[in-house]
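Below: start-v9.txt (compact mmCIF, C-alpha atoms)
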```txt
# COMPACT_ATOMS: atom_id res chain seq x y z
CA MET A 689 -65.48 -54.70 -30.58
CA ASP A 690 -64.48 -51.98 -33.03
CA ASN A 691 -62.28 -52.97 -35.95
CA PRO A 692 -58.78 -53.07 -34.40
CA PHE A 693 -56.90 -52.71 -37.68
CA ILE A 694 -56.47 -48.95 -37.88
CA ILE A 695 -56.06 -47.52 -41.38
CA ASN A 696 -56.30 -43.80 -40.60
CA GLY A 697 -54.49 -41.92 -37.86
CA TYR A 698 -53.49 -43.38 -34.51
CA LYS A 699 -55.67 -44.80 -31.75
CA SER A 700 -53.55 -46.44 -29.06
CA LYS A 701 -50.25 -48.23 -28.54
CA ASP A 702 -52.08 -51.56 -28.24
CA LEU A 703 -53.29 -51.17 -31.84
CA PHE A 704 -49.91 -49.98 -33.11
CA CYS A 705 -47.52 -52.61 -34.44
CA ASP A 706 -43.95 -52.68 -33.12
CA ARG A 707 -41.55 -49.82 -34.06
CA GLU A 708 -40.11 -50.03 -30.53
CA GLU A 709 -36.53 -49.64 -31.73
CA GLU A 710 -37.33 -46.59 -33.85
CA LEU A 711 -39.54 -45.17 -31.09
CA GLN A 712 -36.76 -45.33 -28.51
CA LEU A 713 -34.26 -43.78 -30.93
CA ILE A 714 -36.56 -40.85 -31.73
CA LEU A 715 -37.49 -40.41 -28.06
CA ARG A 716 -33.82 -40.37 -27.10
CA ASN A 717 -33.15 -37.70 -29.73
CA CYS A 718 -36.07 -35.62 -28.41
CA LEU A 719 -34.81 -35.83 -24.84
CA ASN A 720 -31.39 -34.70 -26.05
CA GLN A 721 -32.82 -31.93 -28.27
CA SER A 722 -31.53 -33.43 -31.48
CA ASN A 723 -33.58 -32.45 -34.54
CA MET A 724 -34.53 -35.32 -36.84
CA THR A 725 -35.52 -36.12 -40.41
CA LEU A 726 -37.87 -39.10 -40.58
CA ILE A 727 -37.78 -40.82 -43.96
CA SER A 728 -39.07 -44.02 -45.53
CA GLN A 729 -40.94 -45.20 -48.55
CA ARG A 730 -44.57 -44.09 -48.65
CA ARG A 731 -47.26 -45.73 -46.52
CA LEU A 732 -44.93 -47.29 -43.96
CA GLY A 733 -46.50 -45.48 -41.01
CA LYS A 734 -44.35 -42.40 -40.38
CA THR A 735 -47.27 -40.29 -39.17
CA GLY A 736 -48.55 -43.07 -36.93
CA LEU A 737 -45.10 -43.36 -35.40
CA VAL A 738 -45.06 -39.62 -34.63
CA PHE A 739 -48.40 -39.95 -32.79
CA ARG A 740 -47.13 -43.05 -30.99
CA LEU A 741 -44.11 -40.98 -29.91
CA PHE A 742 -46.34 -38.15 -28.66
CA ASP A 743 -48.42 -40.72 -26.73
CA GLU A 744 -45.25 -41.98 -25.05
CA ILE A 745 -44.09 -38.45 -24.23
CA ARG A 746 -47.45 -37.56 -22.66
CA ASP A 747 -47.32 -40.70 -20.49
CA SER A 748 -43.67 -40.58 -19.44
CA TYR A 749 -42.60 -36.93 -19.81
CA PRO A 750 -45.66 -34.73 -19.13
CA ASN A 751 -43.44 -31.65 -18.83
CA ILE A 752 -42.76 -31.83 -22.59
CA GLN A 753 -45.30 -30.17 -24.89
CA THR A 754 -45.92 -31.79 -28.30
CA ILE A 755 -47.22 -30.11 -31.47
CA TYR A 756 -48.07 -31.84 -34.75
CA VAL A 757 -48.24 -29.72 -37.92
CA ASP A 758 -49.38 -31.22 -41.23
CA ILE A 759 -48.44 -28.74 -43.96
CA PHE A 760 -49.65 -30.81 -46.93
CA ALA A 761 -52.58 -28.43 -47.55
CA SER A 762 -50.33 -25.36 -47.75
CA ASP A 763 -49.09 -23.89 -51.02
CA ASN A 764 -47.19 -20.81 -49.82
CA MET A 765 -45.72 -19.15 -46.74
CA ASP A 766 -49.12 -17.76 -45.73
CA GLY A 767 -50.56 -21.28 -45.63
CA PHE A 768 -47.59 -22.57 -43.64
CA ILE A 769 -48.00 -19.86 -41.00
CA ASN A 770 -51.77 -20.42 -40.72
CA LEU A 771 -51.40 -24.20 -40.32
CA PHE A 772 -48.55 -23.78 -37.84
CA ALA A 773 -50.53 -21.32 -35.71
CA GLU A 774 -53.66 -23.51 -35.85
CA ALA A 775 -51.67 -26.56 -34.76
CA VAL A 776 -50.17 -24.67 -31.83
CA LEU A 777 -53.63 -23.46 -30.74
CA SER A 778 -55.06 -26.98 -31.00
CA ALA A 779 -52.21 -28.61 -29.07
CA ILE A 780 -52.07 -26.29 -26.07
CA PRO A 781 -55.05 -26.22 -23.65
CA GLU A 782 -56.72 -22.81 -23.84
CA LYS A 783 -57.21 -22.53 -20.05
CA SER A 784 -53.60 -23.35 -19.15
CA SER A 785 -51.21 -20.52 -18.36
CA LEU A 786 -49.33 -21.19 -21.61
CA GLY A 787 -52.62 -21.35 -23.49
CA LYS A 788 -53.66 -17.94 -22.18
CA ARG A 789 -50.32 -16.40 -23.17
CA LEU A 790 -50.58 -18.04 -26.58
CA LEU A 791 -54.10 -16.73 -27.14
CA ASN A 792 -52.99 -13.20 -26.31
CA TYR A 793 -50.09 -13.55 -28.72
CA ILE A 794 -52.30 -14.88 -31.53
CA LYS A 795 -54.78 -12.04 -30.95
CA SER A 796 -51.94 -9.56 -31.42
CA LEU A 797 -51.61 -10.83 -35.01
CA ARG A 798 -55.22 -9.73 -35.65
CA PRO A 799 -56.26 -12.97 -37.40
CA LEU A 800 -59.65 -13.86 -38.80
CA VAL A 801 -60.71 -16.84 -36.66
CA THR A 802 -63.29 -19.43 -37.77
CA TYR A 803 -64.02 -22.92 -36.47
CA ASP A 804 -64.21 -26.17 -38.42
CA ALA A 805 -67.84 -27.32 -38.47
CA LEU A 806 -66.87 -30.99 -38.03
CA THR A 807 -63.93 -30.89 -35.59
CA GLY A 808 -64.51 -27.59 -33.82
CA GLN A 809 -60.82 -26.80 -34.27
CA PRO A 810 -59.85 -23.15 -34.83
CA GLN A 811 -58.89 -22.04 -38.34
CA LEU A 812 -56.87 -18.87 -38.79
CA GLN A 813 -56.43 -16.44 -41.61
CA ILE A 814 -53.75 -13.83 -40.98
CA GLY A 815 -53.48 -10.83 -43.28
CA TYR A 816 -50.20 -9.18 -44.30
CA GLN A 817 -49.29 -5.87 -45.86
CA ASN A 818 -46.02 -7.15 -47.32
CA THR A 819 -43.48 -9.99 -47.33
CA GLN A 820 -41.61 -8.53 -44.36
CA GLU A 821 -44.74 -8.85 -42.22
CA LYS A 822 -45.03 -12.54 -43.13
CA GLU A 823 -41.43 -13.21 -42.19
CA TYR A 824 -41.85 -11.26 -38.95
CA THR A 825 -44.93 -13.33 -38.05
CA LEU A 826 -43.22 -16.63 -38.84
CA ARG A 827 -40.16 -15.72 -36.79
CA GLY A 828 -42.43 -14.52 -34.00
CA LEU A 829 -44.18 -17.90 -33.71
CA PHE A 830 -40.88 -19.67 -33.19
CA GLU A 831 -39.64 -17.00 -30.78
CA PHE A 832 -42.87 -17.09 -28.74
CA LEU A 833 -42.73 -20.87 -28.29
CA ASP A 834 -39.02 -20.84 -27.51
CA SER A 835 -39.40 -18.07 -24.94
CA GLN A 836 -41.76 -20.14 -22.77
CA ASN A 837 -38.74 -22.01 -21.33
CA ILE A 838 -40.41 -25.41 -21.52
CA PRO A 839 -39.29 -28.26 -23.80
CA ILE A 840 -41.46 -28.51 -26.90
CA VAL A 841 -41.31 -31.14 -29.66
CA ILE A 842 -42.72 -29.96 -32.99
CA ALA A 843 -43.33 -32.41 -35.84
CA PHE A 844 -43.71 -30.97 -39.34
CA ASP A 845 -45.35 -33.62 -41.54
CA GLU A 846 -45.25 -33.58 -45.36
CA PHE A 847 -42.35 -31.17 -45.02
CA GLN A 848 -41.38 -31.59 -48.68
CA GLN A 849 -44.39 -29.39 -49.47
CA ILE A 850 -42.24 -26.28 -48.89
CA ARG A 851 -40.58 -27.04 -52.24
CA GLU A 852 -43.91 -26.17 -53.89
CA TYR A 853 -43.99 -22.66 -52.42
CA PRO A 854 -43.38 -19.63 -54.64
CA GLU A 855 -41.18 -18.20 -51.88
CA GLN A 856 -37.72 -19.42 -52.90
CA ASN A 857 -36.18 -18.49 -49.55
CA MET A 858 -38.50 -20.60 -47.37
CA GLU A 859 -35.87 -23.21 -46.53
CA ALA A 860 -33.32 -20.55 -45.62
CA LEU A 861 -35.81 -18.66 -43.44
CA LEU A 862 -36.88 -21.76 -41.54
CA ARG A 863 -33.30 -22.90 -41.04
CA THR A 864 -32.37 -19.47 -39.67
CA TYR A 865 -35.29 -19.31 -37.23
CA ILE A 866 -35.01 -22.95 -36.12
CA GLN A 867 -31.29 -22.87 -35.37
CA GLN A 868 -31.88 -20.02 -32.91
CA CYS A 869 -34.36 -22.04 -30.82
CA LYS A 870 -33.01 -23.42 -27.54
CA ASN A 871 -36.10 -25.16 -26.13
CA LEU A 872 -37.66 -26.57 -29.30
CA THR A 873 -36.89 -29.91 -30.93
CA PHE A 874 -38.05 -30.59 -34.48
CA ILE A 875 -39.06 -33.70 -36.40
CA PHE A 876 -39.29 -33.28 -40.17
CA SER A 877 -41.26 -36.02 -41.88
CA GLY A 878 -42.22 -36.39 -45.52
CA SER A 879 -43.68 -38.84 -47.99
CA LYS A 880 -41.44 -37.95 -50.93
CA LYS A 881 -38.16 -39.50 -49.97
CA HIS A 882 -36.08 -38.07 -52.82
CA ILE A 883 -37.14 -34.49 -52.05
CA MET A 884 -36.64 -34.90 -48.30
CA THR A 885 -33.18 -36.30 -48.93
CA ASP A 886 -32.32 -33.35 -51.15
CA ILE A 887 -33.53 -30.86 -48.53
CA PHE A 888 -31.51 -32.35 -45.68
CA ALA A 889 -28.58 -34.14 -47.33
CA ASN A 890 -27.63 -31.76 -50.15
CA GLU A 891 -24.64 -29.72 -49.01
CA ARG A 892 -25.79 -26.78 -51.12
CA LYS A 893 -29.11 -26.48 -49.26
CA PRO A 894 -29.76 -24.58 -45.99
CA PHE A 895 -30.83 -27.61 -43.92
CA TYR A 896 -27.72 -29.63 -44.80
CA ALA A 897 -26.21 -31.46 -41.78
CA SER A 898 -28.80 -29.92 -39.43
CA THR A 899 -30.65 -33.10 -38.42
CA ALA A 900 -30.15 -36.73 -37.53
CA PHE A 901 -31.68 -39.16 -40.03
CA VAL A 902 -34.13 -41.84 -38.87
CA SER A 903 -35.07 -44.35 -41.57
CA LEU A 904 -38.08 -46.62 -41.33
CA GLY A 905 -37.89 -50.06 -42.86
CA LYS A 906 -40.61 -52.67 -43.04
CA ILE A 907 -41.83 -54.35 -39.87
CA SER A 908 -40.43 -57.87 -39.57
CA GLU A 909 -42.61 -60.77 -40.69
CA GLU A 910 -42.43 -62.37 -37.25
CA ARG A 911 -43.57 -59.27 -35.35
CA TYR A 912 -46.29 -58.40 -37.84
CA SER A 913 -47.57 -61.99 -37.76
CA ASP A 914 -47.80 -61.94 -33.96
CA PHE A 915 -49.58 -58.57 -34.06
CA ILE A 916 -52.16 -59.66 -36.65
CA ARG A 917 -52.84 -62.97 -34.92
CA ARG A 918 -53.28 -61.24 -31.56
CA LEU A 919 -55.82 -58.71 -32.86
CA PHE A 920 -57.85 -61.34 -34.68
CA ALA A 921 -57.81 -63.55 -31.57
CA LYS A 922 -58.96 -60.62 -29.43
CA GLY A 923 -62.04 -60.41 -31.65
CA LYS A 924 -62.54 -64.17 -31.38
CA ARG A 925 -61.35 -64.77 -34.94
CA ASN A 926 -58.94 -67.48 -36.04
CA ILE A 927 -56.50 -67.05 -38.92
CA THR A 928 -54.54 -69.91 -40.49
CA ASP A 929 -50.76 -69.79 -40.90
CA GLU A 930 -51.15 -70.08 -44.68
CA ALA A 931 -53.52 -67.09 -44.78
CA LEU A 932 -51.22 -65.02 -42.59
CA ARG A 933 -48.20 -65.70 -44.80
CA PHE A 934 -50.19 -64.76 -47.89
CA ILE A 935 -51.31 -61.45 -46.33
CA LEU A 936 -47.75 -60.37 -45.56
CA ASP A 937 -46.46 -61.50 -48.93
CA TRP A 938 -49.28 -59.94 -50.99
CA THR A 939 -49.12 -56.58 -49.15
CA ARG A 940 -45.29 -56.67 -49.17
CA ARG A 941 -45.41 -55.70 -45.47
CA VAL A 942 -46.08 -52.08 -46.43
CA THR A 943 -47.97 -50.97 -43.33
CA TYR A 944 -51.00 -49.24 -44.84
CA TYR A 945 -51.78 -52.09 -47.26
CA THR A 946 -51.29 -54.78 -44.61
CA GLN A 947 -53.60 -52.89 -42.26
CA ARG A 948 -56.14 -52.28 -45.03
CA LEU A 949 -56.39 -55.93 -46.01
CA CYS A 950 -56.67 -57.05 -42.38
CA HIS A 951 -59.26 -54.32 -41.76
CA THR A 952 -61.35 -55.68 -44.65
CA LEU A 953 -61.01 -59.27 -43.43
CA TYR A 954 -62.09 -58.29 -39.93
CA ALA A 955 -65.02 -56.25 -41.29
CA ASN A 956 -66.19 -59.21 -43.38
CA GLY A 957 -66.99 -60.96 -40.10
CA LYS A 958 -65.79 -64.52 -40.77
CA LYS A 959 -64.77 -66.39 -37.63
CA THR A 960 -62.18 -68.46 -39.48
CA ILE A 961 -59.92 -66.75 -42.00
CA ASP A 962 -58.29 -69.14 -44.41
CA LEU A 963 -56.42 -68.63 -47.69
CA ALA A 964 -59.58 -68.60 -49.79
CA GLU A 965 -61.10 -65.88 -47.62
CA VAL A 966 -57.95 -63.74 -47.92
CA LYS A 967 -57.84 -64.09 -51.71
CA SER A 968 -61.51 -63.13 -51.88
CA ALA A 969 -60.79 -60.00 -49.82
CA CYS A 970 -57.88 -59.13 -52.13
CA ASN A 971 -60.18 -59.29 -55.14
CA GLN A 972 -62.73 -57.21 -53.26
CA LEU A 973 -60.19 -54.44 -52.60
CA LEU A 974 -58.98 -54.34 -56.19
CA LYS A 975 -62.56 -54.14 -57.43
CA GLU A 976 -63.39 -51.33 -54.99
CA ASN A 977 -60.41 -49.28 -56.19
CA GLU A 978 -60.78 -49.97 -59.90
CA SER A 979 -62.44 -46.64 -60.73
CA VAL A 980 -59.53 -44.81 -59.07
CA TYR A 981 -56.99 -46.83 -61.04
CA LEU A 982 -58.76 -46.04 -64.28
CA GLN A 983 -58.50 -42.35 -63.39
CA TYR A 984 -54.74 -42.81 -62.97
CA ARG A 985 -54.71 -43.89 -66.59
CA GLN A 986 -55.99 -40.45 -67.63
CA MET A 987 -53.06 -38.80 -65.83
CA MET A 988 -50.41 -40.59 -67.89
CA THR A 989 -49.16 -40.85 -71.43
CA ASP A 990 -49.40 -44.21 -73.19
CA LYS A 991 -45.68 -44.77 -72.68
CA GLN A 992 -45.89 -44.03 -68.95
CA TRP A 993 -48.87 -46.35 -68.56
CA LYS A 994 -47.13 -49.21 -70.35
CA TYR A 995 -43.97 -48.62 -68.33
CA LEU A 996 -45.92 -48.77 -65.08
CA ILE A 997 -47.49 -52.06 -66.18
CA ALA A 998 -44.02 -53.40 -67.00
CA VAL A 999 -42.67 -52.56 -63.53
CA ALA A 1000 -45.77 -54.03 -61.90
CA LYS A 1001 -45.42 -57.30 -63.80
CA ALA A 1002 -41.73 -57.45 -62.96
CA GLY A 1003 -42.53 -56.82 -59.28
CA SER A 1004 -39.37 -54.84 -58.66
CA VAL A 1005 -36.78 -53.64 -61.15
CA ARG A 1006 -33.18 -52.79 -60.34
CA GLN A 1007 -31.65 -52.68 -63.80
CA ILE A 1008 -34.10 -50.36 -65.59
CA THR A 1009 -31.69 -50.08 -68.52
CA ALA A 1010 -30.96 -53.81 -68.79
CA ALA A 1011 -31.49 -55.22 -72.28
CA ASP A 1012 -33.70 -58.05 -71.00
CA PHE A 1013 -36.11 -55.65 -69.25
CA LEU A 1014 -36.23 -53.26 -72.20
CA LYS A 1015 -36.85 -56.03 -74.72
CA ARG A 1016 -39.35 -58.06 -72.70
CA TYR A 1017 -41.66 -55.09 -72.16
CA GLN A 1018 -40.86 -53.25 -75.42
CA ILE A 1019 -39.82 -50.07 -73.63
CA GLY A 1020 -37.34 -48.74 -76.15
CA GLY A 1021 -33.84 -47.52 -75.34
CA ALA A 1022 -32.06 -47.05 -72.02
CA SER A 1023 -32.52 -43.27 -72.07
CA ALA A 1024 -36.30 -43.69 -72.53
CA SER A 1025 -36.41 -46.04 -69.54
CA ARG A 1026 -34.49 -43.57 -67.36
CA GLN A 1027 -36.76 -40.72 -68.41
CA LEU A 1028 -39.93 -42.70 -67.75
CA SER A 1029 -38.75 -43.91 -64.35
CA GLU A 1030 -37.84 -40.35 -63.32
CA SER A 1031 -41.18 -38.88 -64.41
CA LEU A 1032 -43.21 -41.62 -62.70
CA THR A 1033 -41.16 -41.30 -59.52
CA GLU A 1034 -41.77 -37.56 -59.53
CA LYS A 1035 -45.52 -38.22 -59.88
CA GLY A 1036 -45.33 -40.52 -56.86
CA LEU A 1037 -46.42 -43.57 -58.86
CA LEU A 1038 -43.07 -45.33 -58.65
CA ASN A 1039 -40.99 -45.92 -55.54
CA ALA A 1040 -37.24 -45.67 -55.92
CA GLU A 1041 -35.43 -47.40 -53.06
CA VAL A 1042 -31.70 -46.70 -53.07
CA GLY A 1043 -29.50 -49.46 -51.63
CA LEU A 1044 -25.86 -50.49 -51.63
CA GLU A 1045 -26.39 -52.60 -54.74
CA GLY A 1046 -28.44 -50.08 -56.71
CA THR A 1047 -31.91 -48.56 -56.94
CA ASP A 1048 -34.98 -50.77 -56.86
CA TYR A 1049 -38.08 -49.45 -58.64
CA SER A 1050 -41.57 -50.65 -57.83
CA VAL A 1051 -45.13 -49.36 -58.16
CA GLY A 1052 -45.75 -47.32 -55.02
CA ASP A 1053 -49.37 -48.34 -54.47
CA VAL A 1054 -49.24 -52.06 -53.69
CA PHE A 1055 -52.89 -52.68 -54.57
CA PHE A 1056 -52.53 -50.75 -57.82
CA SER A 1057 -49.47 -52.84 -58.62
CA HIS A 1058 -51.48 -56.05 -58.24
CA TRP A 1059 -54.28 -54.61 -60.38
CA LEU A 1060 -51.78 -53.71 -63.12
CA GLU A 1061 -50.33 -57.23 -63.05
CA ARG A 1062 -53.69 -58.53 -64.25
CA ILE A 1063 -53.77 -56.38 -67.40
```
Any chance you could put this one into structure tokens?
Amino acid sequence: MDNPFIINGYKSKDLFCDREEELQLILRNCLNQSNMTLISQRRLGKTGLVFRLFDEIRDSYPNIQTIYVDIFASDNMDGFINLFAEAVLSAIPEKSSLGKRLLNYIKSLRPLVTYDALTGQPQLQIGYQNTQEKEYTLRGLFEFLDSQNIPIVIAFDEFQQIREYPEQNMEALLRTYIQQCKNLTFIFSGSKKHIMTDIFANERKPFYASTAFVSLGKISEERYSDFIRRLFAKGKRNITDEALRFILDWTRRVTYYTQRLCHTLYANGKKTIDLAEVKSACNQLLKENESVYLQYRQMMTDKQWKYLIAVAKAGSVRQITAADFLKRYQIGGASASRQLSESLTEKGLLNAEVGLEGTDYSVGDVFFSHWLERI
């Protein structure tokens, strides 16, 4: 059988681990037309959960149309509009009545249409005379979809990307257009938690108090263990309890890294997976990624690099200004530690998890963290 440990995208609910509680919450919000902000630390499976949701909607509520829009590749309003229009075209069958109306509407924008050589999906390039035309087109897309009088769920992934746009009014425009929609429900998901929180929880920003928050935590050890054991058993593989515990501990139950390690173990083809086999696979993964990690080094100052090593060796740091931490890793003063943690968090190299007892800092890439520990 194919490798059941999926590391890219979404394949089926049988190969998707748990998230039933979060799934039902998001589904309930969709059915009640409550817009949502989906947040978590990076690599915990937000995008996979969105596709799992869409799978559930297609099976149980076929009257609801779903549209997924990944705006990571956009760097301005033009890019946002193009990706949005492309996603709508891809999601709605061309020969359906809605698809025909949509195609006529898109044609009215006089776009340049090309097709991706690999996927066959349409790619649009819409030209504008001025800023007003862009805003008119963006508003028109929302108005067209809303006017179809069918429920539509639209997920905008990597939504924090709008903060990179030169158009300073993008948040205000989107908030204005979205709040006028009666038949559309929106899910805003992003991989930079601190920016997403600022967009939706800062009372001075347009999207403040406009969505319900759904936070993803780590999948429980018990449920992940059952899932891993089941998939190995389905492929006639046996995994020892000791090996299973080590996998979940070493990957810190961060979904992507757990899946990646299990994917490697399955691909290696051993019928019995014991602790030695898992440790060998761990070393294999770190070796495979070493060239990438060395490139990271070129992106940082000496102080940032040493600070990242310090956090990796500590595992997780709550008191980044504590004398013991500063002295042990020769970081300098408290202000230097704060500055370094902020810059590395902004680069996406550190995770900052805010809790009731403080903020825990850790290296975002779990494999990179283990590699740094060995320096």
Exercise for review: For range 706-718 of chain A, list every protein, DNA or RNA residue within 10 Å, evaluated using all atoms listed in the file, and leave out those in the same chain fewer than 5 positions away; present the list as a ChimeraX atom specification.
Suggested key: /A:701,723-726,733,737-738,740-742,744-745,752,839-842,872-875,900-908,911-912,915
Study note, to complete from the structure: What separates CA of Asn857 in chain A and CA of Gln820 in chain A is a distance of 12.5 Å
Practice item. Point out the residue among A:Ile694, A:Leu861, A:Ile1019, A:Leu806 with the least atom-to-atom distance to Asp990 in chain A, counting only C-alpha atoms. Key: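 Among A:Ile694, A:Leu861, A:Ile1019, A:Leu806, it is A:Ile1019 that comes nearest to Asp990 in chain A.
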Check your understanding: What's the 12 Å shell around Tyr816 in chain A, counting only C-alpha atoms, without same-chain residues fewer than 3 positions away, as a PyMOL selection string?
Key -> chain A and resi 765-766+769-770+797-800+813+819-826
Revision key, fill the gap. One decimal place gives the CA of Gln1007 in chain A-CA of Ser1031 in chain A separation as 16.8 Å
Review point. Mind listing as number ranges by chain all residues within 12 Å of (-51.6, -24.8, -51.2), counting all atoms listed in the file?
Key: A: 759-771, 849-854
Show which residues sit within 10 Å of range 1047-1063 of chain A, as a PDB file with C-alpha atoms, in the coordinates of the input. Count all atoms listed in the file, and ignore same-chain residues fewer than 6 positions away.
```pdb
ATOM      1  CA  GLN A 729     -40.940 -45.200 -48.550  1.00  0.00           C
ATOM      2  CA  ARG A 730     -44.570 -44.090 -48.650  1.00  0.00           C
ATOM      3  CA  ARG A 731     -47.260 -45.730 -46.520  1.00  0.00           C
ATOM      4  CA  TRP A 938     -49.280 -59.940 -50.990  1.00  0.00           C
ATOM      5  CA  THR A 939     -49.120 -56.580 -49.150  1.00  0.00           C
ATOM      6  CA  ARG A 940     -45.290 -56.670 -49.170  1.00  0.00           C
ATOM      7  CA  ARG A 941     -45.410 -55.700 -45.470  1.00  0.00           C
ATOM      8  CA  VAL A 942     -46.080 -52.080 -46.430  1.00  0.00           C
ATOM      9  CA  TYR A 944     -51.000 -49.240 -44.840  1.00  0.00           C
ATOM     10  CA  TYR A 945     -51.780 -52.090 -47.260  1.00  0.00           C
ATOM     11  CA  THR A 946     -51.290 -54.780 -44.610  1.00  0.00           C
ATOM     12  CA  LEU A 949     -56.390 -55.930 -46.010  1.00  0.00           C
ATOM     13  CA  CYS A 970     -57.880 -59.130 -52.130  1.00  0.00           C
ATOM     14  CA  ASN A 971     -60.180 -59.290 -55.140  1.00  0.00           C
ATOM     15  CA  LEU A 973     -60.190 -54.440 -52.600  1.00  0.00           C
ATOM     16  CA  LEU A 974     -58.980 -54.340 -56.190  1.00  0.00           C
ATOM     17  CA  LYS A 975     -62.560 -54.140 -57.430  1.00  0.00           C
ATOM     18  CA  ASN A 977     -60.410 -49.280 -56.190  1.00  0.00           C
ATOM     19  CA  GLU A 978     -60.780 -49.970 -59.900  1.00  0.00           C
ATOM     20  CA  VAL A 980     -59.530 -44.810 -59.070  1.00  0.00           C
ATOM     21  CA  TYR A 981     -56.990 -46.830 -61.040  1.00  0.00           C
ATOM     22  CA  TYR A 984     -54.740 -42.810 -62.970  1.00  0.00           C
ATOM     23  CA  TRP A 993     -48.870 -46.350 -68.560  1.00  0.00           C
ATOM     24  CA  LYS A 994     -47.130 -49.210 -70.350  1.00  0.00           C
ATOM     25  CA  LEU A 996     -45.920 -48.770 -65.080  1.00  0.00           C
ATOM     26  CA  ILE A 997     -47.490 -52.060 -66.180  1.00  0.00           C
ATOM     27  CA  ALA A 998     -44.020 -53.400 -67.000  1.00  0.00           C
ATOM     28  CA  VAL A 999     -42.670 -52.560 -63.530  1.00  0.00           C
ATOM     29  CA  ALA A1000     -45.770 -54.030 -61.900  1.00  0.00           C
ATOM     30  CA  LYS A1001     -45.420 -57.300 -63.800  1.00  0.00           C
ATOM     31  CA  ALA A1002     -41.730 -57.450 -62.960  1.00  0.00           C
ATOM     32  CA  GLY A1003     -42.530 -56.820 -59.280  1.00  0.00           C
ATOM     33  CA  SER A1004     -39.370 -54.840 -58.660  1.00  0.00           C
ATOM     34  CA  VAL A1005     -36.780 -53.640 -61.150  1.00  0.00           C
ATOM     35  CA  ARG A1006     -33.180 -52.790 -60.340  1.00  0.00           C
ATOM     36  CA  GLN A1007     -31.650 -52.680 -63.800  1.00  0.00           C
ATOM     37  CA  ILE A1008     -34.100 -50.360 -65.590  1.00  0.00           C
ATOM     38  CA  SER A1029     -38.750 -43.910 -64.350  1.00  0.00           C
ATOM     39  CA  LEU A1032     -43.210 -41.620 -62.700  1.00  0.00           C
ATOM     40  CA  THR A1033     -41.160 -41.300 -59.520  1.00  0.00           C
ATOM     41  CA  GLY A1036     -45.330 -40.520 -56.860  1.00  0.00           C
ATOM     42  CA  LEU A1037     -46.420 -43.570 -58.860  1.00  0.00           C
ATOM     43  CA  LEU A1038     -43.070 -45.330 -58.650  1.00  0.00           C
ATOM     44  CA  ASN A1039     -40.990 -45.920 -55.540  1.00  0.00           C
ATOM     45  CA  ALA A1040     -37.240 -45.670 -55.920  1.00  0.00           C
ATOM     46  CA  GLU A1041     -35.430 -47.400 -53.060  1.00  0.00           C
TER      47      GLU A1041
END
```
**Study point:** Selected residue, from A:Gly1043, A:Gly957, A:Cys950, A:Thr735, that lies nearest to Ile935 in chain A when counting all atoms listed in the file
**Key:** A:Cys950
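Take CA of Lys958 in chain A and CA of Cys705 in chain A: the distance between them is 22.7 Å.
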Point to revise | Best match for closeness to Asp690 in chain A among A:Thr943, A:Gly923, A:Gln1018, A:Gln1027, counting all atoms listed in the file | key: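 Checking each of A:Thr943, A:Gly923, A:Gln1018, A:Gln1027 against Asp690 in chain A, counting all atoms listed in the file, the winner is A:Gly923.
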Closest contacts (range 830-937 of chain A/range 782-794 of chain A, max 12 Å, all atoms listed in the file) as CSV:
```
residue,atom,partner,partner_atom,distance
A:Phe830,CA,A:Leu790,CA,11.9
A:Glu831,CA,A:Tyr793,CA,11.2
A:Phe832,CA,A:Tyr793,CA,8.0
A:Leu833,CA,A:Leu790,CA,8.5
A:Asp834,CA,A:Leu786,CA,11.9
A:Ser835,CA,A:Leu786,CA,10.9
A:Gln836,CA,A:Leu786,CA,7.7
A:Asn837,CA,A:Leu786,CA,10.6
A:Ile838,CA,A:Leu786,CA,9.9
A:Ile840,CA,A:Leu786,CA,12.0
```
Review point. When distances are computed from only C-alpha atoms, which of A:Tyr749, A:Phe693, A:Phe895, A:Phe704 shows the smallest separation from Gly736 in chain A?
Key: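 Nearest candidate to Gly736 in chain A out of A:Tyr749, A:Phe693, A:Phe895, A:Phe704: A:Phe704.
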